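Enquirer: My file is my_file35.pdb. It has PDB, C-alpha atoms:
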```
ATOM      1  CA  PHE A   1    -103.403  91.311  58.559
ATOM      2  CA  THR A   2    -101.505  88.322  59.968
ATOM      3  CA  GLN A   3    -104.517  86.036  60.276
ATOM      4  CA  ARG A   4    -105.366  83.417  57.699
ATOM      5  CA  SER A   5    -108.002  85.822  56.378
ATOM      6  CA  GLY A   6    -105.549  88.742  56.518
ATOM      7  CA  ASN A   7    -105.396  89.064  52.746
ATOM      8  CA  TYR A   8    -109.069  90.111  52.701
ATOM      9  CA  PHE A   9    -108.374  92.882  55.213
ATOM     10  CA  VAL A  10    -105.365  94.033  53.195
ATOM     11  CA  THR A  11    -107.582  94.214  50.106
ATOM     12  CA  MET A  12    -110.246  96.135  52.027
ATOM     13  CA  PHE A  13    -107.726  98.704  53.274
ATOM     14  CA  ASP A  14    -106.135  98.980  49.850
ATOM     15  CA  ASP A  15    -109.465  99.569  48.096
ATOM     16  CA  TYR A  16    -111.201 101.917  50.521
ATOM     17  CA  SER A  17    -108.708 103.630  52.829
ATOM     18  CA  ALA A  18    -106.755 105.463  50.121
ATOM     19  CA  THR A  19    -108.825 105.854  46.945
ATOM     20  CA  LEU A  20    -111.988 107.681  48.025
ATOM     21  CA  PRO A  21    -110.337 109.567  50.918
ATOM     22  CA  LEU A  22    -107.659 110.771  48.510
ATOM     23  CA  VAL A  23    -110.298 112.180  46.151
ATOM     24  CA  ILE A  24    -112.078 113.843  49.086
ATOM     25  CA  VAL A  25    -108.845 115.396  50.371
ATOM     26  CA  VAL A  26    -108.025 116.678  46.871
ATOM     27  CA  ILE A  27    -111.470 118.298  46.670
ATOM     28  CA  PHE A  28    -110.886 120.013  50.020
ATOM     29  CA  GLU A  29    -107.446 121.114  48.864
ATOM     30  CA  THR A  30    -108.796 122.535  45.600
ATOM     31  CA  ILE A  31    -111.529 124.452  47.435
ATOM     32  CA  SER A  32    -109.022 125.784  49.967
ATOM     33  CA  VAL A  33    -106.539 127.024  47.382
ATOM     34  CA  ALA A  34    -108.832 128.102  44.544
ATOM     35  CA  TRP A  35    -111.755 129.577  46.467
ATOM     36  CA  VAL A  36    -110.725 130.283  50.072
ATOM     37  CA  TYR A  37    -107.127 131.443  49.592
ATOM     38  CA  GLY A  38    -107.704 132.648  46.030
ATOM     39  CA  THR A  39    -106.102 131.671  42.750
ATOM     40  CA  ASP A  40    -104.723 135.168  42.157
ATOM     41  CA  ARG A  41    -102.875 135.139  45.475
ATOM     42  CA  PHE A  42    -101.651 131.610  44.774
ATOM     43  CA  LEU A  43    -100.327 132.682  41.362
ATOM     44  CA  ASP A  44     -98.608 135.629  43.042
ATOM     45  CA  ASP A  45     -96.931 133.262  45.503
ATOM     46  CA  ILE A  46     -95.729 131.024  42.674
ATOM     47  CA  GLU A  47     -94.353 134.062  40.862
ATOM     48  CA  VAL A  48     -92.462 135.161  43.967
ATOM     49  CA  MET A  49     -90.984 131.698  44.552
ATOM     50  CA  LEU A  50     -90.202 130.669  40.969
ATOM     51  CA  LYS A  51     -89.612 134.112  39.398
ATOM     52  CA  TRP A  52     -92.150 133.411  36.653
ATOM     53  CA  ARG A  53     -95.940 133.512  36.566
ATOM     54  CA  PRO A  54     -97.898 130.505  35.282
ATOM     55  CA  PRO A  55    -100.424 131.143  32.476
ATOM     56  CA  VAL A  56    -103.830 132.427  33.513
ATOM     57  CA  VAL A  57    -105.453 129.224  32.220
ATOM     58  CA  TYR A  58    -104.344 127.486  35.432
ATOM     59  CA  LYS A  59    -106.652 129.811  37.358
ATOM     60  CA  TYR A  60    -109.731 128.455  35.590
ATOM     61  CA  LEU A  61    -108.456 124.875  35.678
ATOM     62  CA  TRP A  62    -108.083 124.998  39.461
ATOM     63  CA  LYS A  63    -111.369 126.804  40.091
ATOM     64  CA  TYR A  64    -113.670 124.919  37.734
ATOM     65  CA  VAL A  65    -112.252 122.051  35.665
ATOM     66  CA  CYS A  66    -110.301 120.210  38.364
ATOM     67  CA  LEU A  67    -112.925 120.763  41.024
ATOM     68  CA  LEU A  68    -115.823 119.588  38.857
ATOM     69  CA  ALA A  69    -113.815 116.589  37.666
ATOM     70  CA  MET A  70    -113.005 115.518  41.232
ATOM     71  CA  VAL A  71    -116.592 116.012  42.395
ATOM     72  CA  GLY A  72    -117.862 113.999  39.424
ATOM     73  CA  LEU A  73    -115.393 111.205  40.128
ATOM     74  CA  LEU A  74    -116.374 111.146  43.795
ATOM     75  CA  GLY A  75    -120.092 111.108  42.957
ATOM     76  CA  ALA A  76    -119.687 108.284  40.449
ATOM     77  CA  SER A  77    -117.693 106.226  42.948
ATOM     78  CA  LEU A  78    -120.267 106.736  45.711
ATOM     79  CA  LEU A  79    -123.160 105.871  43.384
ATOM     80  CA  ARG A  80    -121.367 102.720  42.313
ATOM     81  CA  MET A  81    -120.866 101.715  45.941
ATOM     82  CA  VAL A  82    -124.520 102.384  46.791
ATOM     83  CA  PHE A  83    -126.132 100.591  43.849
ATOM     84  CA  LYS A  84    -123.639  97.794  43.265
ATOM     85  CA  GLY A  85    -122.346  97.386  46.790
ATOM     86  CA  PRO A  86    -118.746  96.762  47.867
ATOM     87  CA  THR A  87    -117.589  93.289  46.900
ATOM     88  CA  TYR A  88    -114.462  91.206  47.307
ATOM     89  CA  THR A  89    -112.999  88.164  45.588
ATOM     90  CA  ALA A  90    -112.804  84.975  47.657
ATOM     91  CA  TRP A  91    -111.548  81.492  46.981
ATOM     92  CA  ASN A  92    -114.178  78.752  46.915
ATOM     93  CA  GLN A  93    -112.456  75.614  48.081
ATOM     94  CA  THR A  94    -115.249  73.265  47.067
ATOM     95  CA  LYS A  95    -115.448  74.578  43.488
ATOM     96  CA  GLY A  96    -111.735  75.265  43.212
ATOM     97  CA  SER A  97    -112.293  78.736  41.737
ATOM     98  CA  GLU A  98    -112.656  82.362  42.743
ATOM     99  CA  MET A  99    -116.031  83.948  43.339
ATOM    100  CA  THR A 100    -117.251  87.482  44.035
ATOM    101  CA  LEU A 101    -119.004  88.008  47.370
ATOM    102  CA  GLU A 102    -120.573  90.973  49.108
ATOM    103  CA  TYR A 103    -119.066  92.271  52.313
ATOM    104  CA  PRO A 104    -120.985  91.473  55.499
ATOM    105  CA  ASP A 105    -122.584  94.269  57.484
ATOM    106  CA  TRP A 106    -119.749  94.599  59.990
ATOM    107  CA  ALA A 107    -117.273  94.902  57.108
ATOM    108  CA  LEU A 108    -119.407  97.645  55.523
ATOM    109  CA  VAL A 109    -119.242  99.551  58.808
ATOM    110  CA  MET A 110    -115.472  99.158  58.794
ATOM    111  CA  ILE A 111    -115.284 100.432  55.202
ATOM    112  CA  ILE A 112    -117.328 103.517  56.104
ATOM    113  CA  LEU A 113    -115.100 104.177  59.102
ATOM    114  CA  LEU A 114    -111.994 103.846  56.947
ATOM    115  CA  ILE A 115    -113.289 106.469  54.517
ATOM    116  CA  VAL A 116    -114.509 108.830  57.259
ATOM    117  CA  PHE A 117    -111.434 108.657  59.476
ATOM    118  CA  ALA A 118    -109.052 109.110  56.541
ATOM    119  CA  SER A 119    -110.926 112.234  55.378
ATOM    120  CA  LEU A 120    -111.732 113.652  58.815
ATOM    121  CA  PRO A 121    -108.529 115.642  59.577
ATOM    122  CA  VAL A 122    -109.269 118.275  56.913
ATOM    123  CA  PRO A 123    -112.737 119.402  58.100
ATOM    124  CA  VAL A 124    -111.747 118.956  61.756
ATOM    125  CA  GLY A 125    -108.739 121.207  61.231
ATOM    126  CA  TYR A 126    -110.910 123.788  59.495
ATOM    127  CA  ILE A 127    -113.510 123.783  62.283
ATOM    128  CA  HIS A 128    -110.763 123.937  64.911
ATOM    129  CA  THR A 129    -109.276 127.010  63.224
ATOM    130  CA  LEU A 130    -112.662 128.724  63.036
ATOM    131  CA  LEU A 131    -113.355 128.076  66.717
ATOM    132  CA  LYS A 132    -109.864 129.194  67.674
ATOM    133  CA  HIS A 133    -110.266 132.529  65.882
ATOM    134  CA  HIS A 134    -113.799 132.906  67.232
ATOM    135  CA  TRP A 135    -112.919 132.418  70.891
ATOM    136  CA  THR A 136    -109.480 134.054  70.815
ATOM    137  CA  PRO A 137    -109.682 137.849  70.980
ATOM    138  CA  ASN A 138    -107.459 139.434  68.409
ATOM    139  CA  ALA A 139    -106.971 142.784  66.774
ATOM    140  CA  PRO A 140    -109.138 143.656  63.769
ATOM    141  CA  PRO A 141    -107.487 142.809  60.461
ATOM    142  CA  GLN A 142    -105.720 145.648  58.738
ATOM    143  CA  GLU A 143    -106.762 146.526  55.242
ATOM    144  CA  GLY A 144    -104.093 146.821  52.612
ATOM    145  CA  PRO A 145    -100.494 145.599  52.746
ATOM    146  CA  GLY A 146     -98.725 145.444  56.052
ATOM    147  CA  PRO A 147     -95.641 147.454  56.961
ATOM    148  CA  GLU A 148     -92.499 146.629  55.061
ATOM    149  CA  VAL A 149     -89.857 144.745  56.996
ATOM    150  CA  HIS A 150     -86.254 145.687  56.314
ATOM    151  CA  ARG A 151     -84.041 142.624  56.057
ATOM    152  CA  GLU A 152     -80.301 142.812  55.750
ATOM    153  CA  LEU A 153     -78.827 140.621  53.029
ATOM    154  CA  TYR A 154     -75.592 138.728  53.436
ATOM    155  CA  THR A 155     -73.462 136.908  50.891
ATOM    156  CA  LYS A 156     -70.848 134.264  51.547
ATOM    157  CA  CYS A 157     -67.284 135.565  51.469
ATOM    158  CA  SER A 158     -64.945 133.849  49.046
ATOM    159  CA  SER A 159     -62.030 134.021  51.448
ATOM    160  CA  THR A 160     -61.685 134.557  55.164
ATOM    161  CA  ASP A 161     -58.732 136.840  54.445
ATOM    162  CA  GLN A 162     -61.208 139.538  53.444
ATOM    163  CA  LEU A 163     -62.614 139.685  56.957
ATOM    164  CA  ASP A 164     -61.673 142.445  59.309
ATOM    165  CA  SER A 165     -60.987 141.298  62.832
ATOM    166  CA  ASN A 166     -62.991 144.223  64.168
ATOM    167  CA  SER A 167     -66.050 143.223  62.146
ATOM    168  CA  HIS A 168     -66.699 139.989  64.018
ATOM    169  CA  GLN A 169     -68.525 141.849  66.723
ATOM    170  CA  PRO A 170     -72.054 140.750  67.573
ATOM    171  CA  PHE A 171     -75.048 143.049  67.484
ATOM    172  CA  ILE A 172     -74.205 146.487  68.892
ATOM    173  CA  GLU A 173     -76.627 148.755  70.708
ATOM    174  CA  GLU A 174     -76.473 152.359  69.548
ATOM    175  CA  ASP A 175     -79.059 154.711  71.031
ATOM    176  CA  GLY A 176     -81.424 151.811  71.570
ATOM    177  CA  VAL A 177     -81.087 150.629  67.943
ATOM    178  CA  ARG A 178     -79.441 147.324  67.143
ATOM    179  CA  THR A 179     -76.987 147.513  64.254
ATOM    180  CA  ARG A 180     -75.499 144.581  62.390
ATOM    181  CA  ALA A 181     -71.839 143.921  61.801
ATOM    182  CA  VAL A 182     -70.424 144.135  58.293
ATOM    183  CA  PHE A 183     -69.110 140.562  58.521
ATOM    184  CA  LEU A 184     -70.646 137.673  60.443
ATOM    185  CA  PRO A 185     -69.130 134.237  61.118
ATOM    186  CA  ALA A 186     -71.378 131.207  60.770
ATOM    187  CA  GLY A 187     -69.484 128.087  61.723
ATOM    188  CA  ASN A 188     -66.531 127.722  59.375
ATOM    189  CA  GLU A 189     -68.001 130.181  56.880
ATOM    190  CA  HIS A 190     -68.202 133.949  56.834
ATOM    191  CA  TYR A 191     -70.803 136.243  55.361
ATOM    192  CA  GLN A 192     -70.520 139.841  54.238
ATOM    193  CA  LEU A 193     -73.328 142.401  54.573
ATOM    194  CA  LEU A 194     -74.584 143.640  51.239
ATOM    195  CA  SER A 195     -75.139 147.336  50.739
ATOM    196  CA  GLN A 196     -78.802 148.280  51.120
ATOM    197  CA  GLN A 197     -79.641 150.664  48.281
ATOM    198  CA  GLY A 198     -83.252 149.958  47.489
ATOM    199  CA  GLU A 199     -84.778 147.962  44.704
ATOM    200  CA  GLU A 200     -81.702 148.079  42.456
ATOM    201  CA  GLU A 201     -80.133 145.518  44.766
ATOM    202  CA  GLU A 202     -82.683 142.879  43.694
ATOM    203  CA  GLU A 203     -80.711 142.033  40.547
ATOM    204  CA  PHE A 204     -77.537 141.744  42.609
ATOM    205  CA  GLU A 205     -79.433 139.493  45.006
ATOM    206  CA  GLN A 206     -80.422 137.151  42.196
ATOM    207  CA  ASP A 207     -76.897 137.091  40.759
ATOM    208  CA  THR A 208     -75.265 136.248  44.082
ATOM    209  CA  GLY A 209     -77.910 133.663  44.966
ATOM    210  CA  VAL A 210     -78.589 134.969  48.492
TER     211      VAL A 210
END
```
I'd like the structure from this file rewritten - as structure tokens, please.
Expert:
Amino acid sequence: FTQRSGNYFVTMFDDYSATLPLVIVVIFETISVAWVYGTDRFLDDIEVMLKWRPPVVYKYLWKYVCLLAMVGLLGASLLRMVFKGPTYTAWNQTKGSEMTLEYPDWALVMIILLIVFASLPVPVGYIHTLLKHHWTPNAPPQEGPGPEVHRELYTKCSSTDQLDSNSHQPFIEEDGVRTRAVFLPAGNEHYQLLSQQGEEEEEFEQDTGV
């Protein structure tokens, strides 16, 4: 980049190290989310995080429209590179004007390597995960939802005067079961344990912002 011809290398990297690899990565991402992970599960995750469910039209956009559009764009770009050939603009000192030239063979190899190396982490990561699960013995997957995990909810106390000095105790062992204190200090702040009364506490959870 710092040579006298560095501007040509900057142009090469700008044209071929980000555009096509970005389209390829987006195609991999769309396949991973829409077809491998599943659009229904992805919509469920969005609903859990944002408290509202996107319209069902997004499901078909992700699975078909976006994927076909990206594949078509990638195919058109590759066909253009094959039939027209990568070119660059150079300054002709004798004519005093710019002219379009084709890249030499070694530059074409560099362009191919730029595209391959920029897109390689996604399939390599996928193959690595497959091999890791194949060679690592693990328990058979359980069908259906897993066991529910009980999580205690805490809310920030408005005043430290509300805290009981006896409630600052750490976890206490009772018959082999760890119980949590009603109040817990966290730095200069204090948190109070919310009452666990089932699903009716969800509205209280949203109101308090815990």
Enquirer: Name the closest residue to Glu29 (chain A) among the candidates A:Leu50, A:Ser119, A:Thr136, A:Lys84; distances are taken between atoms, counting only C-alpha atoms.
Expert: A:Ser119
Enquirer: Is there a way to get, as a list of chain:residue names, all residues within 10 Å of the point (-115.8, 109.1, 50.3) in file coordinates, counting all atoms listed in the file?
Expert: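 Nearby residues: A:Tyr16, A:Ser17, A:Ala18, A:Thr19, A:Leu20, A:Pro21, A:Leu22, A:Val23, A:Ile24, A:Val25, A:Leu74, A:Gly75, A:Ser77, A:Leu78, A:Met81, A:Ile111, A:Ile112, A:Leu114, A:Ile115, A:Val116, A:Ala118, A:Ser119.
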Enquirer: Mind giving me the straight-line distance from CA of Leu113 (chain A) to CA of Asp14 (chain A) in Å, one decimal?
Expert: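 Answer for the CA of Leu113 (chain A) to CA of Asp14 (chain A) separation: 13.9 Å.
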Enquirer: Rank A:Asn7, A:Asp15, A:Ile31, A:Tyr126 by their smallest atom-to-atom distance to Pro86 (chain A), using only C-alpha atoms, and report the top residue only.
Expert: A:Asp15
Enquirer: Provide the CA of Phe42 (chain A) to CA of Lys59 (chain A) distance in Å, to one decimal place.
Expert: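 Interatomic distance here is 9.1 Å.
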Enquirer: Which residue, A:Lys132, A:Val122, A:Phe117, A:Thr87, has the smallest gap to Tyr8 (chain A) when you use all atoms listed in the file?
Expert: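 Checking each candidate against Tyr8 (chain A), we get A:Thr87 as the closest.
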Enquirer: Could you tell me how far CA of Ala69 (chain A) lies from CA of Val26 (chain A), in Å and to one decimal?
Expert: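 About the pair CA of Ala69 (chain A) and CA of Val26 (chain A): they are 10.9 Å apart.
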Enquirer: Extract, using all atoms listed in the file, all DNA, RNA and protein residues at most 10 Å from Thr30 (chain A), discarding same-chain residues fewer than 4 positions from it, and format them as a ChimeraX atom specification.
Expert: /A:24-26,34-37,39,62-64,66-67,70
Enquirer: For Thr100 (chain A), which residue out of A:Tyr88, A:Phe28, A:Phe13, A:Tyr58 is the nearest one, using all atoms listed in the file?
Expert: A:Tyr88
Enquirer: For Thr11 (chain A), which residue out of A:Leu73, A:Leu79, A:Ala107, A:Met49 is the nearest one, using all atoms listed in the file?
Expert: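 Of the candidates, the smallest distance to Thr11 (chain A) is held by A:Ala107.
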